[in-house]
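Below: target.cif (mmCIF, C-alpha atoms)
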data_input
loop_
_atom_site.label_atom_id
_atom_site.label_comp_id
_atom_site.auth_asym_id
_atom_site.auth_seq_id
_atom_site.Cartn_x
_atom_site.Cartn_y
_atom_site.Cartn_z
CA MET C 1 226.00 153.49 202.33
CA GLU C 2 227.18 151.42 199.38
CA LYS C 3 225.60 153.91 196.95
CA THR C 4 227.40 156.81 198.66
CA ARG C 5 230.70 154.93 198.50
CA LYS C 6 230.29 154.24 194.78
CA LYS C 7 229.43 157.88 194.13
CA PHE C 8 232.52 159.00 196.07
CA GLU C 9 234.76 156.61 194.12
CA ILE C 10 233.43 157.81 190.75
CA LYS C 11 233.98 161.45 191.75
CA LYS C 12 237.48 160.63 192.98
CA HIS C 13 238.42 158.94 189.71
CA ILE C 14 237.18 161.95 187.72
CA LEU C 15 239.05 164.40 189.96
CA THR C 16 242.24 162.37 189.58
CA GLY C 17 241.96 162.60 185.80
CA ILE C 18 241.34 166.34 186.09
CA SER C 19 244.36 166.77 188.37
CA TYR C 20 246.65 165.43 185.63
CA MET C 21 244.89 167.46 182.94
CA ILE C 22 245.10 170.87 184.65
CA PRO C 23 248.86 171.52 184.17
CA LEU C 24 248.58 170.44 180.52
CA VAL C 25 245.63 172.75 179.81
CA VAL C 26 247.31 175.69 181.52
CA ALA C 27 250.71 175.22 179.88
CA ALA C 28 249.32 174.54 176.41
CA GLY C 29 246.65 177.24 176.59
CA LEU C 30 248.99 179.97 177.74
CA CYS C 31 251.55 179.01 175.09
CA MET C 32 248.85 179.41 172.45
CA ALA C 33 247.78 182.72 173.96
CA LEU C 34 251.34 184.04 174.02
CA GLY C 35 251.82 182.92 170.44
CA GLN C 36 248.78 184.92 169.36
CA VAL C 37 249.96 187.98 171.28
CA ILE C 38 253.38 187.84 169.61
CA ASP C 39 252.02 187.05 166.14
CA SER C 40 248.45 188.18 165.45
CA ASP C 41 248.37 186.07 162.26
CA VAL C 42 249.98 183.06 163.87
CA ARG C 43 247.57 180.55 162.30
CA ASN C 44 248.92 181.47 158.86
CA SER C 45 252.58 181.76 159.89
CA THR C 46 255.26 179.17 159.26
CA ALA C 47 258.07 180.37 161.54
CA GLY C 48 258.89 182.73 164.38
CA ILE C 49 258.63 182.73 168.18
CA GLY C 50 254.87 183.24 168.11
CA TYR C 51 254.42 180.36 165.68
CA TYR C 52 256.60 178.01 167.75
CA LEU C 53 254.71 178.82 170.96
CA TYR C 54 251.34 178.43 169.27
CA GLN C 55 252.32 175.09 167.74
CA ALA C 56 253.59 173.82 171.09
CA GLY C 57 250.31 174.79 172.70
CA SER C 58 248.33 173.15 169.89
CA PHE C 59 250.16 169.88 170.39
CA GLY C 60 249.47 170.13 174.12
CA MET C 61 245.76 170.75 173.55
CA SER C 62 245.57 167.70 171.29
CA ALA C 63 246.65 165.61 174.29
CA VAL C 64 244.04 166.94 176.75
CA VAL C 65 241.53 164.13 176.17
CA PRO C 66 244.17 161.34 176.20
CA VAL C 67 245.60 162.67 179.47
CA ILE C 68 242.25 162.84 181.26
CA THR C 69 241.36 159.36 179.95
CA ALA C 70 244.67 157.95 181.15
CA GLY C 71 244.26 159.74 184.50
CA VAL C 72 240.86 158.18 185.15
CA ALA C 73 242.10 154.77 184.03
CA TYR C 74 245.13 155.08 186.32
CA SER C 75 242.97 156.03 189.28
CA ILE C 76 240.86 152.91 188.81
CA GLY C 77 243.36 150.34 187.60
CA ASP C 78 246.77 151.74 188.61
CA ARG C 79 249.75 151.73 186.20
CA PRO C 80 248.46 149.06 183.76
CA GLY C 81 245.69 151.50 182.83
CA ILE C 82 247.97 154.36 181.71
CA ALA C 83 248.99 153.10 178.25
CA PRO C 84 245.51 151.86 177.22
CA GLY C 85 244.04 155.09 178.63
CA LEU C 86 246.28 157.25 176.45
CA ILE C 87 245.49 155.23 173.34
CA ILE C 88 241.72 155.25 173.94
CA GLY C 89 241.94 158.97 174.65
CA PHE C 90 243.46 159.58 171.23
CA ILE C 91 240.70 157.47 169.70
CA CYS C 92 238.12 159.62 171.50
CA SER C 93 239.75 162.70 170.01
CA ALA C 94 239.75 161.15 166.54
CA ILE C 95 236.02 160.31 166.66
CA LYS C 96 235.21 163.78 168.07
CA ALA C 97 233.95 162.44 171.42
CA GLY C 98 235.47 165.32 173.41
CA PHE C 99 236.41 165.26 177.09
CA ILE C 100 233.09 163.62 178.03
CA GLY C 101 233.93 160.72 175.73
CA GLY C 102 237.38 160.70 177.29
CA LEU C 103 235.89 160.26 180.75
CA VAL C 104 233.75 157.39 179.48
CA GLY C 105 236.81 155.82 177.88
CA GLY C 106 238.77 156.18 181.11
CA PHE C 107 236.17 154.28 183.10
CA LEU C 108 235.98 151.61 180.40
CA VAL C 109 239.74 151.07 180.47
CA GLY C 110 239.98 151.20 184.27
CA TYR C 111 237.30 148.61 184.93
CA LEU C 112 238.61 146.33 182.18
CA VAL C 113 242.00 146.45 183.93
CA LEU C 114 240.32 145.43 187.20
CA ALA C 115 238.53 142.59 185.41
CA CYS C 116 241.81 141.35 183.95
CA LYS C 117 243.48 141.44 187.38
CA LYS C 118 240.61 139.52 188.92
CA TYR C 119 239.87 136.88 186.31
CA ILE C 120 243.06 136.26 184.32
CA ARG C 121 245.42 133.74 185.89
CA VAL C 122 248.85 133.01 184.39
CA PRO C 123 251.78 130.81 185.45
CA LYS C 124 254.13 132.36 188.01
CA ALA C 125 256.90 132.39 185.44
CA ILE C 126 255.15 135.07 183.39
CA GLN C 127 253.30 136.97 186.11
CA GLY C 128 255.77 139.83 185.68
CA LEU C 129 254.41 140.36 182.16
CA MET C 130 250.84 140.98 183.37
CA PRO C 131 251.13 144.73 184.15
CA ILE C 132 253.52 145.61 181.32
CA MET C 133 252.27 143.51 178.41
CA ILE C 134 249.32 141.16 178.90
CA ILE C 135 246.87 143.58 180.58
CA PRO C 136 247.76 146.69 178.50
CA VAL C 137 247.49 144.78 175.22
CA LEU C 138 244.21 143.03 176.06
CA VAL C 139 242.59 146.15 177.49
CA THR C 140 243.73 148.33 174.57
CA ALA C 141 242.40 145.85 172.00
CA VAL C 142 239.01 145.35 173.66
CA SER C 143 238.53 149.05 174.51
CA ALA C 144 239.49 150.21 171.01
CA ILE C 145 237.03 147.83 169.36
CA LEU C 146 234.23 148.88 171.74
CA MET C 147 234.97 152.58 171.27
CA TYR C 148 234.99 152.40 167.47
CA THR C 149 232.01 150.06 167.06
CA LEU C 150 229.73 150.81 170.00
CA LEU C 151 230.54 153.59 172.45
CA GLY C 152 231.77 156.05 169.82
CA GLN C 153 228.78 155.68 167.49
CA PRO C 154 226.42 157.94 169.49
CA PHE C 155 228.91 160.80 169.05
CA VAL C 156 229.08 160.26 165.28
CA TRP C 157 225.27 160.10 165.10
CA LEU C 158 224.98 163.26 167.19
CA MET C 159 227.27 165.22 164.88
CA ASN C 160 225.23 164.23 161.80
CA VAL C 161 221.92 165.12 163.45
CA LEU C 162 223.20 168.47 164.70
CA THR C 163 224.60 169.40 161.29
CA GLU C 164 221.26 168.72 159.60
CA TRP C 165 219.40 170.61 162.33
CA ILE C 166 221.42 173.83 162.25
CA THR C 167 221.40 173.78 158.44
CA GLY C 168 217.62 173.88 158.56
CA LEU C 169 217.64 176.82 160.98
CA GLN C 170 219.30 179.22 158.51
CA SER C 171 216.01 180.23 156.93
CA GLY C 172 214.32 181.08 160.25
CA SER C 173 214.70 183.81 162.87
CA LYS C 174 218.16 185.38 163.09
CA PHE C 175 218.00 185.49 166.88
CA VAL C 176 216.98 181.82 167.17
CA PHE C 177 219.69 180.79 164.69
CA GLY C 178 222.34 182.72 166.62
CA ALA C 179 221.06 181.46 169.97
CA VAL C 180 221.32 177.84 168.88
CA LEU C 181 224.84 178.35 167.50
CA GLY C 182 225.91 180.20 170.66
CA GLY C 183 224.61 177.48 172.94
CA MET C 184 226.32 174.79 170.87
CA ALA C 185 229.62 176.69 170.90
CA CYS C 186 230.03 176.29 174.66
CA PHE C 187 227.92 173.23 175.40
CA ASP C 188 230.73 170.68 175.70
CA PHE C 189 233.86 172.88 175.74
CA GLY C 190 235.41 171.51 172.55
CA GLY C 191 233.50 168.24 172.23
CA PRO C 192 231.36 166.93 169.35
CA VAL C 193 228.65 169.59 169.67
CA ASN C 194 231.21 172.41 169.57
CA LYS C 195 233.09 170.77 166.69
CA THR C 196 229.89 170.36 164.67
CA MET C 197 229.00 174.02 165.14
CA SER C 198 232.55 175.16 164.31
CA THR C 199 232.71 173.08 161.13
CA PHE C 200 229.36 174.46 160.00
CA VAL C 201 230.17 178.15 160.55
CA ASN C 202 233.67 177.78 159.08
CA GLY C 203 232.05 176.47 155.92
CA LEU C 204 229.71 179.45 155.83
CA MET C 205 232.67 181.81 156.26
CA ILE C 206 234.38 180.29 153.23
CA ASP C 207 231.20 181.04 151.26
CA GLY C 208 231.30 184.67 152.44
CA VAL C 209 228.74 184.44 155.26
CA ILE C 210 230.68 185.80 158.26
CA GLY C 211 227.93 186.51 160.80
CA PRO C 212 227.81 183.01 162.38
CA GLU C 213 231.60 183.08 162.80
CA SER C 214 231.25 185.88 165.37
CA VAL C 215 228.77 183.71 167.28
CA LYS C 216 231.46 181.04 167.53
CA PHE C 217 233.78 183.63 169.02
CA VAL C 218 231.28 184.82 171.62
CA GLY C 219 230.27 181.30 172.62
CA SER C 220 233.87 180.24 173.06
CA MET C 221 234.80 183.22 175.26
CA ILE C 222 231.75 183.50 177.52
CA PRO C 223 232.44 180.41 179.70
CA PRO C 224 235.70 181.68 181.28
CA PHE C 225 234.41 185.26 181.56
CA GLY C 226 231.04 184.22 182.95
CA ILE C 227 232.53 181.84 185.52
CA ALA C 228 235.00 184.56 186.58
CA ILE C 229 232.10 186.99 187.11
CA SER C 230 230.28 184.36 189.14
CA CYS C 231 233.39 183.85 191.28
CA LEU C 232 233.57 187.61 191.93
CA LEU C 233 229.89 187.70 192.91
CA THR C 234 229.90 184.58 195.10
CA ARG C 235 233.43 183.64 196.12
CA ASN C 236 232.07 181.22 198.74
CA LYS C 237 230.85 178.95 195.94
CA TYR C 238 234.32 178.24 194.54
CA THR C 239 237.16 176.27 196.08
CA LYS C 240 240.65 177.70 196.39
CA ALA C 241 241.81 175.43 193.56
CA GLU C 242 239.05 176.71 191.27
CA LYS C 243 239.96 180.32 192.01
CA GLU C 244 243.55 179.58 191.08
CA GLN C 245 242.47 177.84 187.87
CA LEU C 246 240.46 180.90 186.85
CA LYS C 247 243.66 182.97 186.90
CA ALA C 248 244.79 180.93 183.89
CA ALA C 249 241.36 180.35 182.34
CA VAL C 250 240.55 184.06 181.87
CA PRO C 251 243.69 184.93 179.84
CA MET C 252 243.06 181.81 177.79
CA GLY C 253 239.47 182.95 177.24
CA ILE C 254 240.69 186.30 175.91
CA CYS C 255 242.42 184.32 173.18
CA MET C 256 239.30 182.18 172.57
CA ILE C 257 240.63 179.08 174.33
CA THR C 258 237.72 177.57 176.29
CA GLU C 259 239.47 174.49 177.64
CA GLY C 260 240.74 176.32 180.71
CA VAL C 261 237.31 176.01 182.35
CA ILE C 262 237.04 172.23 181.89
CA PRO C 263 238.45 171.41 185.36
CA ILE C 264 235.91 173.75 186.97
CA ALA C 265 233.03 172.55 184.81
CA ALA C 266 233.76 168.88 185.42
CA ARG C 267 233.16 169.25 189.17
CA ASP C 268 229.72 170.81 188.71
CA LEU C 269 228.91 169.91 185.13
CA PHE C 270 225.15 170.50 184.99
CA HIS C 271 225.12 173.92 186.66
CA VAL C 272 228.13 175.26 184.75
CA VAL C 273 226.92 174.03 181.35
CA PHE C 274 223.39 175.34 181.94
CA ALA C 275 224.61 178.82 182.91
CA CYS C 276 227.11 179.02 180.04
CA VAL C 277 224.56 177.88 177.46
CA CYS C 278 222.03 180.48 178.68
CA GLY C 279 224.53 183.34 178.42
CA SER C 280 226.01 182.19 175.13
CA ALA C 281 222.59 181.66 173.55
CA VAL C 282 221.51 185.21 174.34
CA ALA C 283 224.83 186.65 173.15
CA GLY C 284 224.76 184.56 169.96
CA GLY C 285 221.26 185.73 169.14
CA LEU C 286 222.24 189.36 169.70
CA CYS C 287 225.30 188.97 167.47
CA MET C 288 223.13 187.80 164.59
CA VAL C 289 220.47 190.49 165.12
CA TRP C 290 223.08 193.26 165.42
CA GLY C 291 224.92 192.14 162.29
CA THR C 292 228.33 191.34 163.77
CA GLY C 293 230.67 189.21 161.70
CA SER C 294 234.19 187.80 161.75
CA PRO C 295 236.26 187.40 158.57
CA ILE C 296 238.69 185.03 160.34
CA PRO C 297 238.04 181.74 162.19
CA HIS C 298 240.14 182.27 165.33
CA GLY C 299 242.04 184.79 167.41
CA GLY C 300 239.83 185.96 170.29
CA MET C 301 239.82 189.58 171.41
CA LEU C 302 243.02 190.29 169.48
CA THR C 303 241.11 190.05 166.21
CA VAL C 304 237.86 191.80 167.24
CA PRO C 305 238.94 195.12 165.60
CA LEU C 306 238.68 193.28 162.26
CA PHE C 307 235.02 192.39 162.89
CA THR C 308 231.94 193.92 161.35
CA ASN C 309 230.37 196.01 164.15
CA PRO C 310 233.08 195.16 166.70
CA MET C 311 231.55 197.40 169.38
CA MET C 312 228.23 195.55 169.28
CA PHE C 313 230.11 192.25 169.46
CA CYS C 314 231.76 193.43 172.70
CA VAL C 315 228.37 194.47 174.08
CA ALA C 316 226.92 191.04 173.27
CA LEU C 317 229.94 189.38 174.88
CA ALA C 318 229.50 191.46 178.03
CA ILE C 319 225.77 190.74 178.25
CA GLY C 320 226.26 187.01 177.77
CA SER C 321 229.07 186.88 180.33
CA ILE C 322 226.99 188.74 182.93
CA ILE C 323 223.99 186.46 182.34
CA THR C 324 226.21 183.40 182.75
CA GLY C 325 227.81 184.78 185.91
CA VAL C 326 224.52 185.74 187.57
CA ILE C 327 222.75 182.46 186.74
CA LEU C 328 225.71 180.38 187.91
CA SER C 329 225.94 182.34 191.17
CA LEU C 330 222.23 181.71 191.80
CA ILE C 331 222.19 177.97 191.11
CA LYS C 332 225.65 176.87 192.26
CA LYS C 333 225.90 175.44 195.77
CA PRO C 334 228.29 176.96 198.36
CA VAL C 335 231.58 175.18 198.89
CA THR C 336 231.74 172.94 201.95
CA GLU C 337 234.73 172.02 204.05
CA GLU C 338 234.58 168.55 202.48
CA ASP C 339 234.87 170.12 199.01
CA GLU C 340 238.01 172.00 200.03
CA ILE C 341 239.51 168.84 201.52
CA ALA C 342 238.64 166.88 198.38
CA ASP C 343 240.38 169.50 196.24
CA LEU C 344 243.44 169.40 198.48
CA ASN C 345 243.67 165.62 198.37
CA ASP C 346 242.62 164.90 194.82
CA ILE C 347 243.67 167.90 192.75
CA ASP C 348 246.92 168.83 194.40
CA PHE C 349 248.29 165.37 195.07
CA GLY C 350 246.46 162.98 192.77
CA ALA C 351 245.45 159.48 193.74
CA ASN C 352 246.76 155.96 193.48
CA THR C 353 244.96 152.67 193.66
CA ASP C 354 245.98 149.49 195.36
CA ILE C 355 243.81 146.75 193.88
CA ASN C 356 243.17 143.46 195.64
CA ASP C 357 240.84 140.70 194.51
CA ASP C 358 238.53 141.40 197.43
CA GLU C 359 238.36 145.19 197.59
CA ILE C 360 239.46 148.47 196.07
CA LYS C 361 241.50 150.71 198.34
CA ILE C 362 241.98 154.28 197.26
CA GLU C 363 244.92 155.97 198.93
CA ASN C 364 246.22 159.51 198.71
CA ILE C 365 249.80 159.89 197.63
#

Translate this file's structure into structure tokens.
Amino acid sequence: MEKTRKKFEIKKHILTGISYMIPLVVAAGLCMALGQVIDSDVRNSTAGIGYYLYQAGSFGMSAVVPVITAGVAYSIGDRPGIAPGLIIGFICSAIKAGFIGGLVGGFLVGYLVLACKKYIRVPKAIQGLMPIMIIPVLVTAVSAILMYTLLGQPFVWLMNVLTEWITGLQSGSKFVFGAVLGGMACFDFGGPVNKTMSTFVNGLMIDGVIGPESVKFVGSMIPPFGIAISCLLTRNKYTKAEKEQLKAAVPMGICMITEGVIPIAARDLFHVVFACVCGSAVAGGLCMVWGTGSPIPHGGMLTVPLFTNPMMFCVALAIGSIITGVILSLIKKPVTEEDEIADLNDIDFGANTDINDDEIKIENI
């Protein structure tokens, strides 16, 4: 019973963080997409409506991890967790920890806030400073030190190991090389694995090797397309909220913005990541074998006409998306009434916490 309760609380905290992140991802992602539609060379522009929209979206995307970190921290520790959560979220972004690191940071901040509430006693005269100064400052300081020196180090180590590994793969099979890059492109939806792969292929593009760049494109676009196909095949395996989120995730995917699927992936992380990696690996391998290449680092479907062998790229994208959709439909569990209720309570309305010394009460707003 206690184990079930703990599992429910953890899930609720994650869903609360996601509920605050969804509007940010949608607004920022669609602004970036509109900017690319208006100005096809928006990344090299310095002015204009397309540029302004794209920049606004870029700033919004840079806050995705801080917002989810603050949301989780708020769910656990109430308002004193918001400021430390935002700061630790920006640290997670700086050390390339991605949204998974942001979730870890949110739990760290939230439980440190609870510890401060339980163990720190101050005179009544300054009790009003606890939630606005004492707890935020202490939690920020401790969390920042832990994130930089301990919790963030595995992500730094992972990036170094992955860079060395994929460098060594260049001399091997083209299909295997492309499959590894494709799987890495979608593995953590913008986290350290994706960033390592992107940095590597961008460097190759500068040196005139443009084939791996097309793999980055295909791996970044397959998750939203594949999940959408899965939803069409098995609608009973997606909640109403997830179906609504896909309406924004697919247009974002067309413009090579993967973050729109994070809310869906976070609820069923293993199944979604496994299916996306399978589809992206196959598509990435095919891109390398078929000789597709991209002379530019970003742009999505709007820039595919500039590719080498653009038709074969589209075929690889379609194959990878279908593989992802079919696998996900086979392994994903049907939605239950409890799942729909959880979405209604947690995603639509958020959650608040009322913390006592004796127990944690989680109440819906």

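Note that atom CA of Pro263 of chain C and atom CA of Gly29 of chain C are 13.3 Å apart.
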
| Residues near Cys276 of chain C, cut-off 9 Å, only C-alpha atoms, skip fewer than 5 positions along chain, as a PyMOL selection string | chain C and resi 183+186-187+219+222-223+226-227+271+281+320-321+323-325+327-328

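Of the residues under consideration (C:Trp157, C:Tyr54, C:Phe225, C:Tyr74), C:Tyr74 shows the shortest atom-to-atom contact distance to Ser19 of chain C when counting all atoms listed in the file.
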
| task | Enumerate, as a list in words, the residues matched when the PyMOL selection byres ((chain C and resi 155) around 8) is run on the file above. | result | Ile95, Lys96, Ala97, Gly152, Gln153, Pro154, Val156, Trp157, Leu158, Met159 and Pro192 of chain C

Can you sort out the box for segment 181-194 of chain C, edges along x, y and z, all listed atoms in, 5 Å on every side, with centre and edge lengths in Å to one decimal, as lines of an AutoDock Vina configuration file?
center_x = 230.0
center_y = 173.6
center_z = 171.6
size_x = 20.8
size_y = 23.3
size_z = 18.2

| task | Tell me which of C:Val42, C:Ile132, C:Leu86, C:Ala125 sits closest to Gln55 of chain C, counting all atoms listed in the file. | result |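 That would be C:Val42, the residue with the smallest distance to Gln55 of chain C.
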
| request: Check the smallest atom-to-atom distance from each of C:Asn202, C:Ile264, C:Tyr238, C:Gly285 to Glu337 of chain C using all atoms listed in the file, then report the winner. | output: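 Residue with the minimum atom-to-atom distance to Glu337 of chain C: C:Tyr238.
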
| message | Residue by residue, what does the PyMOL selection byres ((chain C and resi 287-291) around 10) grab here? Present the result as a PyMOL selection string. | response | chain C and resi 173-179+182+210-215+218+281-286+292-293+308-310+312-317

Restricting it to C-alpha atoms, dump the selection as a PDB file, in the coordinates of the input.
ATOM      1  CA  SER C 173     214.700 183.810 162.870  1.00  0.00           C
ATOM      2  CA  LYS C 174     218.160 185.380 163.090  1.00  0.00           C
ATOM      3  CA  PHE C 175     218.000 185.490 166.880  1.00  0.00           C
ATOM      4  CA  VAL C 176     216.980 181.820 167.170  1.00  0.00           C
ATOM      5  CA  PHE C 177     219.690 180.790 164.690  1.00  0.00           C
ATOM      6  CA  GLY C 178     222.340 182.720 166.620  1.00  0.00           C
ATOM      7  CA  ALA C 179     221.060 181.460 169.970  1.00  0.00           C
ATOM      8  CA  GLY C 182     225.910 180.200 170.660  1.00  0.00           C
ATOM      9  CA  ILE C 210     230.680 185.800 158.260  1.00  0.00           C
ATOM     10  CA  GLY C 211     227.930 186.510 160.800  1.00  0.00           C
ATOM     11  CA  PRO C 212     227.810 183.010 162.380  1.00  0.00           C
ATOM     12  CA  GLU C 213     231.600 183.080 162.800  1.00  0.00           C
ATOM     13  CA  SER C 214     231.250 185.880 165.370  1.00  0.00           C
ATOM     14  CA  VAL C 215     228.770 183.710 167.280  1.00  0.00           C
ATOM     15  CA  VAL C 218     231.280 184.820 171.620  1.00  0.00           C
ATOM     16  CA  ALA C 281     222.590 181.660 173.550  1.00  0.00           C
ATOM     17  CA  VAL C 282     221.510 185.210 174.340  1.00  0.00           C
ATOM     18  CA  ALA C 283     224.830 186.650 173.150  1.00  0.00           C
ATOM     19  CA  GLY C 284     224.760 184.560 169.960  1.00  0.00           C
ATOM     20  CA  GLY C 285     221.260 185.730 169.140  1.00  0.00           C
ATOM     21  CA  LEU C 286     222.240 189.360 169.700  1.00  0.00           C
ATOM     22  CA  THR C 292     228.330 191.340 163.770  1.00  0.00           C
ATOM     23  CA  GLY C 293     230.670 189.210 161.700  1.00  0.00           C
ATOM     24  CA  THR C 308     231.940 193.920 161.350  1.00  0.00           C
ATOM     25  CA  ASN C 309     230.370 196.010 164.150  1.00  0.00           C
ATOM     26  CA  PRO C 310     233.080 195.160 166.700  1.00  0.00           C
ATOM     27  CA  MET C 312     228.230 195.550 169.280  1.00  0.00           C
ATOM     28  CA  PHE C 313     230.110 192.250 169.460  1.00  0.00           C
ATOM     29  CA  CYS C 314     231.760 193.430 172.700  1.00  0.00           C
ATOM     30  CA  VAL C 315     228.370 194.470 174.080  1.00  0.00           C
ATOM     31  CA  ALA C 316     226.920 191.040 173.270  1.00  0.00           C
ATOM     32  CA  LEU C 317     229.940 189.380 174.880  1.00  0.00           C
TER      33      LEU C 317
END

| field | Answer key for the PyMOL selection byres ((chain C and resi 57-67) around 8), residues as number ranges by chain | value | C: 17, 20-21, 24-25, 27-32, 53-56, 68-71, 85-90, 92-93, 98-99, 102

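Of the residues under consideration (C:Val326, C:Ile10, C:Cys278, C:Ile257), C:Ile257 shows the shortest atom-to-atom contact distance to Leu34 of chain C when counting all atoms listed in the file.
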
| said: Rounded to one decimal, what separation in Å do you get between atom CA of Gly253 of chain C and atom CA of Asn194 of chain C? | reply: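 Computing it gives 15.4 Å between the two atoms.
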
| Which residue out of C:Ala33, C:Ala73, C:Ala185, C:Ile18 has the minimum interatomic distance to Ala248 of chain C when all atoms listed in the file are used? |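 Among the listed residues, C:Ala33 lies closest to Ala248 of chain C.
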
| message | Report, in Å to a single decimal, how far apart atom CA of Leu103 of chain C and atom CA of Pro23 of chain C are. | response |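 So the two atoms, atom CA of Pro23 of chain C and atom CA of Leu103 of chain C, lie 17.5 Å apart.
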
| query | Counting all atoms listed in the file, which of C:Pro80, C:Leu232, C:Lys332, C:Val180 gets nearest to Gly128 of chain C? | reply |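 Looking at the shortest contact to Gly128 of chain C, the residue is C:Pro80.
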